[in-house]
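K.L.:
So that you have it, the file is start_1.tsv, and it contains TSV, C-alpha atoms:
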```tsv
chain	number	residue	atom	x	y	z
F	5	THR	CA	44.73	145.59	135.55
F	6	HIS	CA	42.52	145.06	138.63
F	7	ALA	CA	44.12	144.41	142.04
F	8	TYR	CA	43.02	140.84	142.65
F	9	ARG	CA	43.54	138.85	145.82
F	10	SER	CA	45.19	136.08	143.81
F	11	PRO	CA	47.74	136.89	141.06
F	12	ALA	CA	46.28	134.05	139.00
F	13	TRP	CA	43.40	136.34	138.09
F	14	ASN	CA	45.84	138.90	136.66
F	15	VAL	CA	47.17	136.18	134.38
F	16	ALA	CA	43.60	135.24	133.46
F	17	GLU	CA	42.89	138.89	132.60
F	18	TYR	CA	45.87	139.08	130.24
F	19	LEU	CA	44.84	135.79	128.62
F	20	ALA	CA	41.31	137.13	128.16
F	21	LEU	CA	42.74	140.26	126.51
F	22	PHE	CA	44.66	138.23	123.95
F	23	ALA	CA	41.64	135.95	123.41
F	24	ILE	CA	39.49	138.98	122.57
F	25	VAL	CA	42.17	140.39	120.28
F	26	THR	CA	42.49	137.00	118.55
F	27	LEU	CA	38.73	136.79	117.96
F	28	HIS	CA	38.81	140.35	116.62
F	29	GLU	CA	41.56	139.54	114.14
F	30	PHE	CA	39.90	136.29	113.07
F	31	GLY	CA	36.81	138.37	112.33
F	32	HIS	CA	38.87	140.34	109.81
F	33	SER	CA	40.32	137.16	108.30
F	34	LEU	CA	37.04	135.28	107.92
F	35	ALA	CA	35.28	138.30	106.40
F	36	CYS	CA	38.14	138.81	103.94
F	37	ARG	CA	37.93	135.19	102.81
F	38	GLN	CA	34.16	135.51	102.52
F	39	VAL	CA	34.54	138.22	99.85
F	40	GLY	CA	37.17	136.25	97.96
F	41	GLY	CA	40.30	137.77	99.49
F	42	ASN	CA	43.42	136.24	100.98
F	43	ALA	CA	43.95	136.09	104.75
F	44	ASP	CA	46.35	133.49	106.07
F	45	ARG	CA	48.29	135.18	108.89
F	46	VAL	CA	47.42	136.70	112.28
F	47	ILE	CA	50.15	138.13	114.51
F	48	LEU	CA	49.76	139.07	118.18
F	49	TRP	CA	52.18	141.52	119.76
F	50	PRO	CA	52.32	143.75	122.90
F	51	LEU	CA	50.40	146.61	121.23
F	52	GLY	CA	47.61	144.36	119.96
F	53	GLY	CA	47.19	142.15	116.94
F	54	VAL	CA	47.38	142.33	113.17
F	55	ALA	CA	45.44	140.25	110.65
F	56	TYR	CA	47.14	140.34	107.26
F	57	VAL	CA	44.14	140.58	104.96
F	58	ASP	CA	44.16	141.15	101.22
F	59	PRO	CA	40.56	141.69	100.09
F	60	PRO	CA	39.60	142.35	96.47
F	61	GLN	CA	40.32	145.99	95.72
F	62	ARG	CA	36.71	147.12	95.82
F	63	PRO	CA	35.32	149.48	98.46
F	64	GLY	CA	32.54	147.12	99.55
F	65	ALA	CA	34.86	144.13	99.97
F	66	THR	CA	37.41	146.22	101.86
F	67	LEU	CA	34.73	147.76	104.08
F	68	TRP	CA	33.35	144.37	105.12
F	69	SER	CA	36.83	142.91	105.74
F	70	ILE	CA	37.70	145.79	108.08
F	71	ALA	CA	34.33	146.27	109.79
F	72	ALA	CA	34.05	142.58	110.72
F	73	GLY	CA	36.76	142.94	113.39
F	74	PRO	CA	34.95	145.58	115.50
F	75	LEU	CA	31.68	143.73	114.90
F	76	VAL	CA	33.15	140.81	116.88
F	77	ASN	CA	33.63	143.17	119.83
F	78	VAL	CA	30.08	144.46	119.35
F	79	ALA	CA	28.78	140.88	119.49
F	80	LEU	CA	30.75	140.26	122.71
F	81	VAL	CA	29.21	143.25	124.52
F	82	PRO	CA	25.81	141.61	125.22
F	83	VAL	CA	27.59	138.34	126.06
F	84	PHE	CA	29.58	139.99	128.85
F	85	ILE	CA	26.57	141.99	130.04
F	86	GLY	CA	24.57	138.77	130.25
F	87	LEU	CA	27.33	136.99	132.17
F	88	MET	CA	27.60	139.88	134.65
F	89	LEU	CA	23.83	139.85	135.19
F	90	VAL	CA	23.91	136.11	135.80
F	91	GLY	CA	26.83	136.55	138.20
F	92	ARG	CA	24.96	139.27	140.07
F	93	SER	CA	21.88	137.09	140.42
F	94	LEU	CA	24.04	134.29	141.80
F	95	GLY	CA	25.78	136.61	144.26
F	96	LEU	CA	29.18	136.16	142.61
F	97	ALA	CA	30.55	139.38	144.15
F	98	GLU	CA	30.08	137.88	147.63
F	99	THR	CA	31.04	134.26	146.94
F	100	SER	CA	33.97	134.96	144.58
F	101	PRO	CA	34.86	138.68	144.40
F	102	ASP	CA	37.91	138.01	142.21
F	103	ALA	CA	35.78	136.24	139.61
F	104	ALA	CA	33.23	139.08	139.62
F	105	ALA	CA	36.01	141.68	139.28
F	106	TRP	CA	37.64	139.69	136.47
F	107	LEU	CA	34.38	139.46	134.54
F	108	ARG	CA	33.81	143.20	134.90
F	109	ALA	CA	37.40	143.97	133.88
F	110	VAL	CA	37.21	141.78	130.75
F	111	ALA	CA	33.92	143.44	129.75
F	112	ILE	CA	35.58	146.86	130.10
F	113	ILE	CA	38.59	145.67	128.09
F	114	ASN	CA	36.37	144.49	125.26
F	115	PHE	CA	34.42	147.76	125.21
F	116	GLY	CA	37.63	149.80	125.40
F	117	LEU	CA	39.14	147.91	122.46
F	118	LEU	CA	35.95	148.50	120.48
F	119	VAL	CA	35.96	152.26	121.12
F	120	PHE	CA	39.69	152.60	120.50
F	121	ASN	CA	39.61	150.63	117.24
F	122	LEU	CA	36.74	152.74	115.93
F	123	LEU	CA	38.69	155.98	116.25
F	124	PRO	CA	38.87	157.48	112.71
F	125	VAL	CA	42.67	157.34	112.73
F	126	TYR	CA	44.44	155.45	109.95
F	127	PRO	CA	45.50	152.61	110.15
F	128	LEU	CA	43.16	151.74	113.03
F	129	ASP	CA	39.96	150.00	111.98
F	130	GLY	CA	37.99	153.23	112.28
F	131	GLY	CA	40.38	155.00	109.92
F	132	GLN	CA	40.23	152.15	107.41
F	133	ILE	CA	36.42	152.04	107.63
F	134	LEU	CA	36.39	155.79	106.96
F	135	ARG	CA	38.73	155.27	104.02
F	136	SER	CA	36.49	152.51	102.60
F	137	LEU	CA	33.41	154.75	102.87
F	138	LEU	CA	35.25	157.65	101.21
F	139	TRP	CA	36.35	155.24	98.47
F	140	PHE	CA	32.76	155.10	97.18
F	141	VAL	CA	32.83	158.89	96.66
F	142	LEU	CA	36.47	159.93	96.17
F	143	GLY	CA	38.00	156.88	94.56
F	144	ARG	CA	40.80	154.62	95.72
F	145	ALA	CA	43.73	157.04	95.78
F	146	ARG	CA	42.09	160.17	97.17
F	147	SER	CA	40.23	158.23	99.87
F	148	ARG	CA	43.53	156.84	101.19
F	149	ALA	CA	45.09	160.30	101.12
F	150	ALA	CA	42.15	161.79	103.01
F	151	ALA	CA	42.22	159.02	105.64
F	152	SER	CA	45.98	159.46	106.07
F	153	VAL	CA	45.66	163.22	106.62
F	154	ILE	CA	42.88	162.68	109.17
F	155	GLY	CA	45.12	160.06	110.75
F	156	PHE	CA	47.92	162.63	111.21
F	157	VAL	CA	45.47	164.87	113.07
F	158	GLY	CA	44.57	161.91	115.28
F	159	VAL	CA	48.27	161.24	115.93
F	160	LEU	CA	48.65	164.76	117.31
F	161	GLY	CA	45.73	164.07	119.63
F	162	LEU	CA	47.23	160.77	120.81
F	163	LEU	CA	50.60	162.41	121.44
F	164	ALA	CA	48.94	165.20	123.43
F	165	ILE	CA	47.06	162.67	125.57
F	166	ALA	CA	50.19	160.55	126.04
F	167	TYR	CA	52.14	163.60	127.18
F	168	ARG	CA	49.35	164.78	129.46
F	169	VAL	CA	48.90	161.46	131.28
F	170	GLY	CA	52.54	160.37	130.98
F	171	ASP	CA	51.69	157.14	129.12
F	172	THR	CA	54.78	155.84	127.30
F	173	TRP	CA	52.92	153.00	125.56
F	174	LEU	CA	50.36	155.44	124.13
F	175	GLY	CA	53.22	157.59	122.84
F	176	ILE	CA	54.81	154.55	121.16
F	177	LEU	CA	51.45	153.66	119.64
F	178	ALA	CA	51.09	157.22	118.32
F	179	VAL	CA	54.50	156.99	116.62
F	180	PHE	CA	53.51	153.64	115.09
F	181	VAL	CA	50.26	155.15	113.79
F	182	ALA	CA	52.17	158.15	112.39
F	183	MET	CA	54.52	155.86	110.45
F	184	ASN	CA	51.56	154.01	108.96
F	185	CYS	CA	49.82	157.27	108.07
F	186	TRP	CA	52.94	158.40	106.21
F	187	GLN	CA	53.13	155.09	104.35
F	188	GLY	CA	49.44	155.39	103.51
F	189	PHE	CA	49.93	158.90	102.17
F	190	GLN	CA	52.89	157.82	100.04
F	191	HIS	CA	50.84	154.89	98.74
F	192	SER	CA	48.01	157.25	97.82
F	193	ARG	CA	50.42	159.31	95.70
F	194	ALA	CA	51.59	156.17	93.91
F	195	LEU	CA	47.96	155.18	93.31
F	196	SER	CA	47.24	158.63	91.86
F	197	ARG	CA	50.13	158.29	89.40
F	198	LEU	CA	48.94	154.81	88.50
F	199	ALA	CA	45.36	155.99	87.95
F	200	SER	CA	46.55	158.66	85.50
F	201	LEU	CA	48.15	156.13	83.13
F	202	PRO	CA	46.45	155.38	79.80
F	203	ARG	CA	44.62	152.05	79.88
F	204	ARG	CA	44.24	149.21	77.41
F	205	THR	CA	40.74	148.56	76.11
F	206	GLY	CA	39.29	145.08	75.81
F	207	TYR	CA	40.84	143.74	79.03
F	208	SER	CA	40.00	144.04	82.72
F	209	CYS	CA	41.32	142.42	85.89
F	210	PRO	CA	39.00	139.58	86.98
F	211	SER	CA	39.44	140.66	90.61
F	212	CYS	CA	39.25	144.49	90.73
F	213	ARG	CA	37.83	145.10	87.20
F	214	SER	CA	40.46	147.72	86.34
F	215	ALA	CA	41.88	147.83	82.82
F	216	PRO	CA	45.65	147.17	82.51
F	217	PRO	CA	47.89	150.17	81.76
F	218	LEU	CA	49.58	150.61	78.41
F	219	GLY	CA	53.30	150.07	78.68
F	220	ALA	CA	56.05	147.74	79.87
F	221	PHE	CA	54.89	147.34	83.47
F	222	TRP	CA	55.65	143.61	83.71
F	223	ALA	CA	59.05	142.00	84.10
F	224	CYS	CA	60.08	138.63	82.72
F	225	GLY	CA	61.03	136.21	85.47
F	226	PRO	CA	63.77	134.33	83.56
F	227	CYS	CA	65.54	137.32	81.96
F	228	GLY	CA	64.20	140.36	83.84
F	229	ALA	CA	63.29	142.30	80.69
F	230	PRO	CA	60.31	144.68	81.04
F	231	PHE	CA	57.48	144.21	78.55
F	232	ASP	CA	53.75	144.67	78.02
F	233	VAL	CA	52.22	141.23	78.70
F	234	PHE	CA	49.04	142.07	76.77
F	235	GLU	CA	50.78	143.52	73.72
F	236	THR	CA	53.04	140.49	73.25
F	237	GLY	CA	50.43	137.81	73.93
F	238	ALA	CA	51.98	136.93	77.31
F	239	ARG	CA	55.37	136.12	75.74
F	240	CYS	CA	58.62	137.86	76.66
F	241	PRO	CA	60.02	139.54	73.52
F	242	SER	CA	63.60	139.04	74.76
F	243	CYS	CA	63.83	135.39	75.80
F	244	ARG	CA	60.50	134.17	74.32
F	245	ALA	CA	59.34	132.76	77.66
F	246	ASP	CA	55.56	132.17	77.83
F	247	PHE	CA	53.42	133.30	80.76
F	248	GLY	CA	50.03	131.86	81.60
F	249	GLU	CA	49.12	134.58	84.08
F	250	ALA	CA	49.19	138.36	84.33
F	251	ARG	CA	49.62	140.28	87.58
F	252	CYS	CA	47.31	143.25	88.05
F	253	VAL	CA	49.31	146.40	88.80
F	254	ASP	CA	46.30	147.83	90.67
F	255	CYS	CA	45.34	145.05	93.09
F	256	GLY	CA	48.37	142.73	92.82
F	257	ARG	CA	46.38	139.59	91.96
F	258	SER	CA	47.77	137.16	89.36
F	259	THR	CA	45.13	135.49	87.19
F	260	PRO	CA	45.15	133.55	83.89
F	261	ILE	CA	45.56	135.96	81.03
F	262	GLY	CA	42.54	134.53	79.25
F	263	ASP	CA	40.33	135.64	82.14
F	264	TRP	CA	41.26	139.27	81.45
F	265	LEU	CA	39.54	139.38	78.07
F	266	ARG	CA	36.25	141.25	78.22
F	267	PRO	CA	33.22	139.62	76.57
F	268	GLY	CA	32.84	140.92	73.03
F	269	ALA	CA	36.37	142.36	72.93
```
Just dump the structure as structure tokens.
P.N.:
Amino acid sequence: THAYRSPAWNVAEYLALFAIVTLHEFGHSLACRQVGGNADRVILWPLGGVAYVDPPQRPGATLWSIAAGPLVNVALVPVFIGLMLVGRSLGLAETSPDAAAWLRAVAIINFGLLVFNLLPVYPLDGGQILRSLLWFVLGRARSRAAASVIGFVGVLGLLAIAYRVGDTWLGILAVFVAMNCWQGFQHSRALSRLASLPRRTGYSCPSCRSAPPLGAFWACGPCGAPFDVFETGARCPSCRADFGEARCVDCGRSTPIGDWLRPGA
């Protein structure tokens, strides 16, 4: 925070920070919806913001949903540079030094957020972009595992920096990142087990295109009995309840069971 003559500019700087973070998160949300995903919640908190996005489980859709956030910051860079050039030509530093300092501080904040978010540390945007790129080559499960391992290395770096400069907030952020890396690694193991299951031919998820696994991986809502929704024609064998939709165990989307049938199957 810059030492302004009037404390009102400190408040304006904090408001600008949250405005930039909000635009960043809305970039994620709008991109996710553009590729057919779900994004209906954005949360701001002291360590930043989180857009809860659920893109289709395809590497391209995930990559665009994640990359759109930093691209908002990229688009803001020339905007702030242009405003500072205009302010310089108008002599803003002499007529209103607080305004000139605020504009410079907000430009630095935006650039700092961009650089920080692009660090290849999961679950930061850079780590998730890396994971999406690896997905094209390694597949869904192994790409998440690789990004999580790289994230743990990044956590060690963040902790070392936090200790060196005595920054408590950076240390807290490193712990938060470590927890998410561990969850990502555990998720990758679950995805690996899921990928090894035998799959049913003739059906594929309309969203992620994966074939459903063979076995009782669905539970009846009324009675709770596990059953194979495709083997029984979407009817619970215990209570005979009918289901019009099937939930994909890979991407979590529920779609009408008729949409799962492959053409010619």
K.L.:
Go ahead and find all residues with at least one atom no further than 10 Å from (39.1, 140.0, 140.1) in the file's coordinates, using all atoms listed in the file; report them as a list in words.
P.N.:
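Those within range, by chain then number, are Thr5, His6, Ala7, Tyr8, Arg9, Ser10, Pro11, Ala12, Trp13, Asn14, Ala16, Glu17, Ala97, Ser100, Pro101, Asp102, Ala103, Ala104, Ala105, Trp106, Leu107, Arg108, Ala109 and Val110 of chain F.
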K.L.:
Go through range 7-64 of chain F residue by residue and, counting all atoms listed in the file, keep those with an atom at most 12 Å from range 124-131 of chain F; for each kept residue give the shortest atom pair and its distance in Å to one decimal, ordered by chain and increasing number, as CSV.
P.N.:
```
residue,atom,partner,partner_atom,distance
F:His28,CA,F:Asp129,CA,10.8
F:Glu29,CA,F:Asp129,CA,10.8
F:His32,CA,F:Asp129,CA,10.0
F:Gly52,CA,F:Leu128,CA,11.1
F:Gly53,CA,F:Leu128,CA,11.1
F:Val54,CA,F:Leu128,CA,10.3
F:Ala55,CA,F:Asp129,CA,11.3
```
K.L.:
Which residues, written as number ranges by chain, have at least one atom at most 12 Å from Leu163 in chain F, with only C-alpha atoms counted and residues fewer than 3 positions away on the same chain left out?
P.N.:
F: 156-160, 166-182
K.L.:
Would you pick out the contacts of Leu138 in chain F at 12 Å or less, using all atoms listed in the file, so that residues sharing its chain but fewer than 3 positions from it are not included, and give the list as a ChimeraX atom specification?
P.N.:
/F:62-64,66-67,131-135,141-152
K.L.:
For CA of Gly116 in chain F and CA of Ile165 in chain F, determine how far apart the two atoms are, in Å to one decimal place.
P.N.:
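According to the coordinates, CA of Gly116 in chain F and CA of Ile165 in chain F are separated by 16.0 Å.
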K.L.:
What does the distance from CA of Cys227 in chain F to CA of Cys240 in chain F come to in Å, to one decimal?
P.N.:
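Separation between CA of Cys227 in chain F and CA of Cys240 in chain F: 8.7 Å.
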K.L.:
Between CA of Phe221 in chain F and CA of Val253 in chain F, what is the distance, to one decimal in Å?
P.N.:
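Answer for the CA of Phe221 in chain F to CA of Val253 in chain F separation: 7.8 Å.
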K.L.:
Identify the residues around (50.0, 146.1, 75.7) within a radius of 10 Å, measuring from only C-alpha atoms in the coordinates stated by the file, and give them as an mmCIF file with C-alpha atoms, in the frame of the given file.
P.N.:
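Ended up saving to point_7.cif:
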```cif
data_model
loop_
_atom_site.group_PDB
_atom_site.id
_atom_site.type_symbol
_atom_site.label_atom_id
_atom_site.label_comp_id
_atom_site.auth_asym_id
_atom_site.auth_seq_id
_atom_site.Cartn_x
_atom_site.Cartn_y
_atom_site.Cartn_z
ATOM 1 C CA ARG F 203 44.620 152.050 79.880
ATOM 2 C CA ARG F 204 44.240 149.210 77.410
ATOM 3 C CA THR F 205 40.740 148.560 76.110
ATOM 4 C CA PRO F 216 45.650 147.170 82.510
ATOM 5 C CA PRO F 217 47.890 150.170 81.760
ATOM 6 C CA LEU F 218 49.580 150.610 78.410
ATOM 7 C CA GLY F 219 53.300 150.070 78.680
ATOM 8 C CA ALA F 220 56.050 147.740 79.870
ATOM 9 C CA PHE F 221 54.890 147.340 83.470
ATOM 10 C CA PHE F 231 57.480 144.210 78.550
ATOM 11 C CA ASP F 232 53.750 144.670 78.020
ATOM 12 C CA VAL F 233 52.220 141.230 78.700
ATOM 13 C CA PHE F 234 49.040 142.070 76.770
ATOM 14 C CA GLU F 235 50.780 143.520 73.720
ATOM 15 C CA THR F 236 53.040 140.490 73.250
ATOM 16 C CA GLY F 237 50.430 137.810 73.930
ATOM 17 C CA ALA F 238 51.980 136.930 77.310
#
```
K.L.:
Identify, on the basis of all atoms listed in the file, every residue whose closest approach to range 40-46 of chain F does not exceed 6 Å; exclude the query and any residue fewer than 2 positions from it along the same chain; express the result as a list of chain:residue names.
P.N.:
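Surrounding residues, per the criterion: F:Ser33, F:Cys36, F:Arg37, F:Gln38, F:Val54, F:Ala55, F:Tyr56, F:Val57, F:Asp58, F:Pro59, F:Pro60.
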K.L.:
For Ala35 in chain F, which residue among F:Asn77, F:Gln61, F:Ser208, F:Ser69 is the nearest when counting all atoms listed in the file?
P.N.:
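Closest to Ala35 in chain F of all the choices is F:Ser69.
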K.L.:
When you count only C-alpha atoms, which of these residues is closest to Met88 in chain F: F:Asp246, F:Leu75, F:Ala111, F:Gln187?
P.N.:
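Smallest distance to Met88 in chain F is found for F:Ala111.
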K.L.:
Here is a test: counting only C-alpha atoms, which residue of F:Val39, F:Cys209, F:Val153, F:Leu27 is nearest to Ser258 in chain F?
P.N.:
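The closest residue to Ser258 in chain F is F:Cys209.
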K.L.:
My list of candidates is F:Pro241, F:Ala215, F:Trp186, F:Asp263. Which is closest to Ala199 in chain F when distances are computed with only C-alpha atoms?
P.N.:
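The answer is F:Ala215, which sits nearest to Ala199 in chain F.
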